[in-house]
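Novice: My structure is in entry.txt, and what it holds is compact mmCIF, C-alpha atoms:
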# COMPACT_ATOMS: atom_id res chain seq x y z
CA MET A 1 -8.33 -9.67 1.90
CA SER A 2 -8.41 -13.05 0.20
CA ALA A 3 -6.40 -15.94 1.59
CA GLN A 4 -4.20 -15.73 -1.53
CA THR A 5 -3.38 -12.07 -0.88
CA GLU A 6 -2.58 -12.68 2.79
CA ARG A 7 -0.33 -15.59 1.80
CA PHE A 8 1.37 -13.42 -0.85
CA TYR A 9 2.36 -10.77 1.70
CA ASP A 10 3.16 -13.27 4.44
CA GLU A 11 5.60 -15.08 2.16
CA LEU A 12 7.05 -11.86 0.76
CA ALA A 13 7.44 -9.98 4.06
CA ASP A 14 11.16 -10.69 4.55
CA ALA A 15 12.02 -9.83 0.93
CA TYR A 16 9.58 -6.98 0.19
CA HIS A 17 12.31 -4.33 0.42
CA LEU A 18 13.92 -5.82 -2.72
CA ILE A 19 11.18 -4.19 -4.78
CA PHE A 20 12.92 -0.88 -4.07
CA GLU A 21 16.33 0.18 -5.30
CA ASP A 22 16.93 1.65 -1.82
CA TRP A 23 14.07 1.04 0.60
CA GLN A 24 15.08 3.64 3.20
CA THR A 25 15.46 6.29 0.53
CA SER A 26 11.97 5.41 -0.72
CA ILE A 27 10.58 5.57 2.82
CA ASP A 28 12.00 9.09 3.27
CA ARG A 29 11.02 10.32 -0.20
CA GLN A 30 7.45 9.05 0.04
CA ALA A 31 6.99 10.50 3.53
CA GLU A 32 8.08 13.94 2.35
CA ALA A 33 5.75 13.75 -0.65
CA LEU A 34 2.80 12.58 1.45
CA ASN A 35 3.47 15.24 4.08
CA ALA A 36 3.32 17.94 1.40
CA MET A 37 -0.01 16.58 0.11
CA ILE A 38 -1.42 16.31 3.62
CA ARG A 39 -0.54 19.92 4.42
CA GLU A 40 -1.95 21.13 1.10
CA GLN A 41 -5.24 19.26 1.50
CA TRP A 42 -5.91 19.47 5.25
CA GLY A 43 -3.46 22.03 6.68
CA ASP A 44 -1.58 21.49 9.90
CA ALA A 45 -4.46 19.84 11.79
CA VAL A 46 -3.40 16.31 10.87
CA ARG A 47 -1.62 14.50 13.68
CA ARG A 48 -3.22 11.06 14.13
CA VAL A 49 -2.78 8.89 11.02
CA ALA A 50 -4.11 5.39 10.38
CA ASP A 51 -2.37 3.36 7.67
CA VAL A 52 -4.84 0.55 7.01
CA ALA A 53 -2.63 -1.24 4.45
CA CYS A 54 0.79 -0.73 6.00
CA GLY A 55 2.59 -3.79 4.65
CA ILE A 56 6.13 -3.76 6.05
CA GLY A 57 5.79 -0.04 6.80
CA THR A 58 6.97 1.90 3.75
CA GLN A 59 4.65 4.87 4.33
CA ALA A 60 3.89 4.38 8.05
CA LEU A 61 7.55 4.40 9.13
CA GLY A 62 8.30 7.55 7.17
CA LEU A 63 5.31 9.45 8.51
CA ALA A 64 6.11 8.39 12.08
CA ALA A 65 9.67 9.65 11.60
CA LEU A 66 8.20 13.04 10.62
CA GLY A 67 6.34 13.22 13.93
CA PHE A 68 2.89 11.90 13.07
CA ASP A 69 1.11 9.65 15.59
CA VAL A 70 0.77 6.56 13.40
CA THR A 71 -1.41 3.49 13.83
CA ALA A 72 -0.53 0.82 11.26
CA ALA A 73 -2.64 -2.17 10.26
CA ASP A 74 -2.51 -4.86 7.60
CA SER A 75 -4.17 -8.20 6.94
CA SER A 76 -0.76 -9.92 6.70
CA ASP A 77 0.44 -10.83 10.17
CA LYS A 78 4.01 -11.40 8.99
CA ALA A 79 4.13 -8.03 7.23
CA VAL A 80 2.89 -6.33 10.41
CA SER A 81 5.49 -8.22 12.44
CA ARG A 82 8.26 -6.96 10.17
CA ALA A 83 6.90 -3.39 10.28
CA ARG A 84 6.93 -3.60 14.09
CA ARG A 85 10.58 -4.75 14.03
CA GLU A 86 11.53 -1.98 11.62
CA ALA A 87 9.88 0.62 13.87
CA ALA A 88 11.78 -0.71 16.89
CA GLN A 89 15.10 -0.57 15.02
CA ARG A 90 14.39 3.09 14.18
CA GLN A 91 13.23 3.83 17.74
CA LEU A 92 9.80 4.92 16.48
CA THR A 93 6.74 4.69 18.70
CA MET A 94 3.83 3.30 16.67
CA HIS A 95 0.71 1.21 17.19
CA PHE A 96 0.24 -2.00 15.19
CA HIS A 97 -2.72 -4.24 14.42
CA THR A 98 -3.38 -7.21 12.18
CA ALA A 99 -6.64 -6.24 10.49
CA ASP A 100 -8.35 -6.43 7.11
CA MET A 101 -9.20 -2.96 5.79
CA ARG A 102 -12.82 -4.10 5.52
CA GLN A 103 -12.87 -4.29 9.34
CA CYS A 104 -10.36 -1.54 10.09
CA GLN A 105 -12.66 0.61 12.25
CA GLU A 106 -13.64 -2.41 14.30
CA HIS A 107 -9.96 -3.04 15.12
CA ILE A 108 -8.36 0.40 15.38
CA GLY A 109 -11.27 2.63 16.39
CA GLY A 110 -12.08 6.16 15.26
CA GLY A 111 -11.18 9.81 15.68
CA PHE A 112 -8.24 9.78 13.24
CA ASP A 113 -7.26 12.90 11.33
CA LEU A 114 -6.21 10.91 8.28
CA VAL A 115 -6.54 7.39 6.87
CA ILE A 116 -4.13 6.22 4.17
CA ALA A 117 -3.88 3.08 2.01
CA CYS A 118 -1.03 3.31 -0.50
CA ASP A 119 0.89 1.09 -2.94
CA ASN A 120 -2.27 0.08 -4.85
CA ALA A 121 -3.65 -1.78 -1.82
CA VAL A 122 -7.37 -1.14 -2.34
CA PRO A 123 -7.55 -3.00 -5.72
CA HIS A 124 -6.64 -6.21 -3.88
CA LEU A 125 -10.36 -6.17 -3.06
CA LEU A 126 -11.81 -7.85 -6.11
CA ASN A 127 -15.28 -6.30 -6.41
CA ASP A 128 -17.12 -3.04 -5.82
CA ASP A 129 -19.01 -4.33 -2.78
CA ASP A 130 -15.81 -5.17 -0.89
CA ILE A 131 -14.19 -1.86 -1.85
CA LEU A 132 -17.27 0.08 -0.74
CA LEU A 133 -17.30 -1.81 2.56
CA ALA A 134 -13.63 -0.93 3.14
CA LEU A 135 -14.20 2.73 2.24
CA ARG A 136 -17.09 2.96 4.68
CA GLN A 137 -14.90 1.48 7.40
CA MET A 138 -12.20 4.05 6.60
CA HIS A 139 -14.84 6.79 6.74
CA ALA A 140 -15.87 5.55 10.19
CA CYS A 141 -12.24 5.73 11.39
CA LEU A 142 -12.13 9.48 10.76
CA ARG A 143 -13.18 12.46 12.80
CA ARG A 144 -15.38 14.98 11.04
CA GLY A 145 -13.20 16.91 8.63
CA GLY A 146 -10.66 14.11 8.55
CA GLY A 147 -9.16 12.97 5.27
CA LEU A 148 -8.66 9.84 3.19
CA LEU A 149 -5.62 9.38 0.94
CA LEU A 150 -5.23 6.42 -1.41
CA SER A 151 -2.52 5.75 -3.97
CA VAL A 152 -3.40 3.40 -6.85
CA ARG A 153 -2.32 2.37 -10.31
CA ASP A 154 -3.89 4.15 -13.28
CA TYR A 155 -5.42 1.11 -14.95
CA ALA A 156 -6.93 3.24 -17.73
CA VAL A 157 -3.45 3.51 -19.26
CA GLU A 158 -2.02 0.09 -18.33
CA THR A 159 -1.45 -2.53 -21.03
CA LYS A 160 -3.81 -5.47 -20.55
CA GLY A 161 -3.23 -8.99 -21.84
CA ASP A 162 -1.34 -12.18 -21.07
CA SER A 163 2.24 -12.36 -19.81
CA SER A 164 2.94 -8.64 -19.65
CA ILE A 165 6.33 -8.14 -17.97
CA ARG A 166 7.03 -5.25 -15.57
CA PRO A 167 10.70 -5.10 -14.46
CA TYR A 168 11.97 -3.70 -11.16
CA GLY A 169 15.69 -4.17 -11.75
CA VAL A 170 18.72 -5.77 -10.13
CA ARG A 171 19.32 -5.50 -6.39
CA LYS A 172 22.69 -6.30 -4.79
CA SER A 173 23.03 -7.31 -1.13
CA ASP A 174 24.65 -9.95 1.07
CA GLY A 175 27.04 -11.07 -1.67
CA ARG A 176 24.34 -11.85 -4.20
CA ARG A 177 22.23 -10.06 -6.74
CA THR A 178 18.47 -10.41 -7.04
CA ILE A 179 16.63 -9.79 -10.30
CA ALA A 180 13.05 -8.69 -9.63
CA PHE A 181 10.18 -8.44 -12.10
CA GLN A 182 6.41 -8.91 -12.34
CA VAL A 183 4.29 -10.79 -14.88
CA TRP A 184 0.63 -9.79 -15.30
CA ASP A 185 -2.03 -12.11 -16.75
CA PHE A 186 -5.44 -10.49 -17.30
CA ALA A 187 -8.85 -12.19 -17.28
CA GLY A 188 -11.60 -9.60 -17.71
CA ASP A 189 -11.24 -6.77 -15.20
CA GLN A 190 -8.92 -8.79 -12.95
CA TYR A 191 -5.38 -10.04 -13.34
CA GLU A 192 -2.99 -12.38 -11.61
CA LEU A 193 0.31 -10.78 -10.64
CA SER A 194 3.34 -13.07 -10.37
CA LEU A 195 6.36 -11.50 -8.69
CA PHE A 196 9.64 -13.25 -9.56
CA LEU A 197 12.78 -12.88 -7.45
CA ILE A 198 15.81 -14.60 -9.00
CA ASP A 199 18.71 -14.89 -6.57
CA ASP A 200 22.15 -15.19 -8.18
CA THR A 201 25.22 -15.78 -6.00
CA GLY A 202 27.62 -15.51 -8.95
CA ARG A 203 28.56 -19.18 -8.71
CA PRO A 204 28.08 -21.52 -11.69
CA ASP A 205 25.22 -23.35 -10.02
CA THR A 206 21.58 -22.70 -10.95
CA PRO A 207 20.14 -19.48 -9.47
CA THR A 208 17.23 -19.76 -7.04
CA THR A 209 13.87 -18.48 -8.30
CA ARG A 210 11.07 -17.48 -5.93
CA VAL A 211 7.57 -16.73 -7.24
CA PHE A 212 4.81 -14.94 -5.29
CA ARG A 213 1.28 -14.67 -6.71
CA THR A 214 -1.72 -12.47 -5.97
CA ARG A 215 -4.73 -10.94 -7.74
CA TYR A 216 -5.93 -7.40 -8.43
CA TYR A 217 -9.10 -5.72 -9.64
CA ALA A 218 -8.14 -3.25 -12.41
CA ILE A 219 -10.55 -0.59 -11.19
CA THR A 220 -10.24 2.83 -12.81
CA THR A 221 -9.60 5.92 -10.72
CA ASP A 222 -12.88 7.46 -11.92
CA HIS A 223 -14.83 4.46 -10.65
CA LEU A 224 -12.92 4.41 -7.37
CA CYS A 225 -13.65 8.12 -6.88
CA ALA A 226 -17.36 7.40 -7.40
CA LEU A 227 -17.23 4.67 -4.73
CA MET A 228 -15.48 7.10 -2.36
CA GLN A 229 -18.36 9.53 -2.83
CA GLU A 230 -20.90 6.74 -2.28
CA ALA A 231 -19.10 5.88 0.98
CA GLY A 232 -19.68 9.44 2.21
CA PHE A 233 -16.52 11.32 1.22
CA THR A 234 -16.68 14.86 -0.15
CA ARG A 235 -14.12 16.96 -2.05
CA VAL A 236 -13.02 13.77 -3.83
CA GLN A 237 -10.30 14.39 -6.38
CA ARG A 238 -7.35 12.79 -8.13
CA LEU A 239 -3.86 14.26 -7.74
CA ASP A 240 -1.32 13.43 -10.43
CA GLU A 241 1.78 15.25 -9.23
CA GLY A 242 4.02 14.75 -6.24
CA PHE A 243 3.80 10.98 -5.76
CA TYR A 244 4.86 7.93 -7.75
CA GLN A 245 1.24 6.79 -8.27
CA PRO A 246 -1.99 8.74 -8.78
CA VAL A 247 -3.37 9.81 -5.40
CA LEU A 248 -7.10 9.98 -4.59
CA VAL A 249 -8.20 12.16 -1.69
CA GLY A 250 -11.50 12.83 0.02
CA THR A 251 -12.79 14.33 3.27
CA ARG A 252 -15.34 13.23 5.83
CA ALA A 253 -17.84 16.10 5.91
So that I can check it, write out the structure of this file as structure tokens.

Specialist:
Amino acid sequence: MSAQTERFYDELADAYHLIFEDWQTSIDRQAEALNAMIREQWGDAVRRVADVACGIGTQALGLAALGFDVTAADSSDKAVSRARREAAQRQLTMHFHTADMRQCQEHIGGGFDLVIACDNAVPHLLNDDDILLALRQMHACLRRGGGLLLSVRDYAVETKGDSSIRPYGVRKSDGRRTIAFQVWDFAGDQYELSLFLIDDTGRPDTPTTRVFRTRYYAITTDHLCALMQEAGFTRVQRLDEGFYQPVLVGTRA
């Protein structure tokens, strides 16, 4: 990942849960949805799972709680540190690494039944060459017959332009409310995402505003599927039901 992306997730690690109305509920709901997709695509043979873009653990924690043997990696050291703490608080046994997805096999090894990268993580790689490199590393992490599962935004239907606002909502905790929203600014096939967190204590003083910035490549799902095939995956398809983002799946032949 770029230095900007690593800094984005390092700085956001302690507040990332504010993106969700109820983070634990989202952890549980996403795990159940992913489990259903995993069983439908690859049956009951999936046990060892590598999350190569784990962040603070939204998908990894939920899958571990369902009994999967989860190895979690991310390029943000502070995000991995928080995910490790969250696993300990839940008494979950997991394996953690700080690793860029473009070097994931070098850090976590191979033989996995499934590799996942959710929450639109892959488009943080800003060109086809870097995405293809990451996909080949994911392919190398898998045993034969193992699967890849990615969740991404559908950029073919997203509004592109300057200063497009995407609200999350209002979160209440610790005697304050936090208003969370994104602003997107496009330049060609990339855009800068600015995440605003406005903390309001209810007092008449000025609220505190925090801004976190990163970049994305607005790659279409069709193009990403083609890169998955180029990386060696077969049975590549897009799934549009059952998860909050489109899901792309493929299998190592």

Novice: For a test of reading the model, state the distance in Å between CA of Ala99 (chain A) and CA of Gln4 (chain A), rounded to one decimal.

Specialist: 15.5 Å

Novice: Just the residues within 9 Å of region 67-77 of chain A, please, counting only C-alpha atoms, with nothing from its chain fewer than 4 positions along; format it as a ChimeraX atom specification.

Specialist: /A:1,5-10,13,46-57,60-61,63,81-83,93-101,104,107-108

Novice: Around (-0.8, 6.1, -3.4), as given in the file, which residues come within 7 Å? Count only C-alpha atoms and list them as a list in words.

Specialist: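 Those residues, ordered by chain and then number, are Ala117, Cys118, Asp119, Asn120, Leu150, Ser151, Val152, Gln245, Pro246 and Val247 of chain A.
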
Novice: Determine the nearest neighbour of Tyr244 (chain A) from the options A:His124, A:Arg153, A:Arg176, A:Lys160, counting only C-alpha atoms.

Specialist: A:Arg153

Novice: Identify which of the residues A:Asp128, A:Asp113, A:Asp14, A:Glu241 lies closest to Ala140 (chain A), counting all atoms listed in the file when measuring atom-to-atom distances.

Specialist: A:Asp113

Novice: Give the answer as one residue: which of A:Leu195, A:Ala231, A:Leu126, A:Leu149 has the shortest atom-to-atom distance to Ser2 (chain A), using all atoms listed in the file?

Specialist: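 Of A:Leu195, A:Ala231, A:Leu126, A:Leu149, the one nearest Ser2 (chain A) is A:Leu126, counting all atoms listed in the file.
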
Novice: Could you tell me how far CA of Gln182 (chain A) sits from CA of Ser164 (chain A), in Å to one decimal place?

Specialist: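 CA of Gln182 (chain A) lies at a distance of 8.1 Å from CA of Ser164 (chain A).
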
Novice: Can you pull out the residues contacting Ala45 (chain A)? Cut-off 12 Å, using only C-alpha atoms, and skip same-chain residues under 5 positions away; I want them as a PyMOL selection string.

Specialist: chain A and resi 35+38-40+68+112-114+143-147

Novice: Calculated over only C-alpha atoms, which of the candidates A:Tyr155, A:Gln105, A:Asp199, A:Ile219 has the smallest distance to Asp174 (chain A)?

Specialist: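 Once distances to Asp174 (chain A) are computed over only C-alpha atoms, the minimum belongs to A:Asp199.
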
Novice: Contacts of Pro123 (chain A) at 7 Å or less, counting all atoms listed in the file, minus same-chain residues fewer than 4 places along, as a list in words?

Specialist: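 Counting all atoms listed in the file, the residues come to Tyr216, Tyr217, Ala218 and Ile219 of chain A.
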
Novice: For CA of Ser173 (chain A) and CA of Leu92 (chain A), quote the distance in Å rounded to one decimal.

Specialist: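 CA of Leu92 (chain A) lies at a distance of 25.2 Å from CA of Ser173 (chain A).
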
Novice: Residues within 7 Å of Phe233 (chain A), please, as a VMD selection string. Count only C-alpha atoms; anything in the same chain fewer than 4 positions from it doesn't count.

Specialist: chain A and resid 228 to 229 250 to 253

Novice: Give me, as a list in words, all polymer residues having an atom no more than 9 Å from Ser26 (chain A), counting all atoms listed in the file and skipping those fewer than 4 positions away in the same chain.

Specialist: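 Those residues are Phe20, Glu21, Asp22, Gln30, Ala31, Thr58, Gln59 and Gly62 of chain A.
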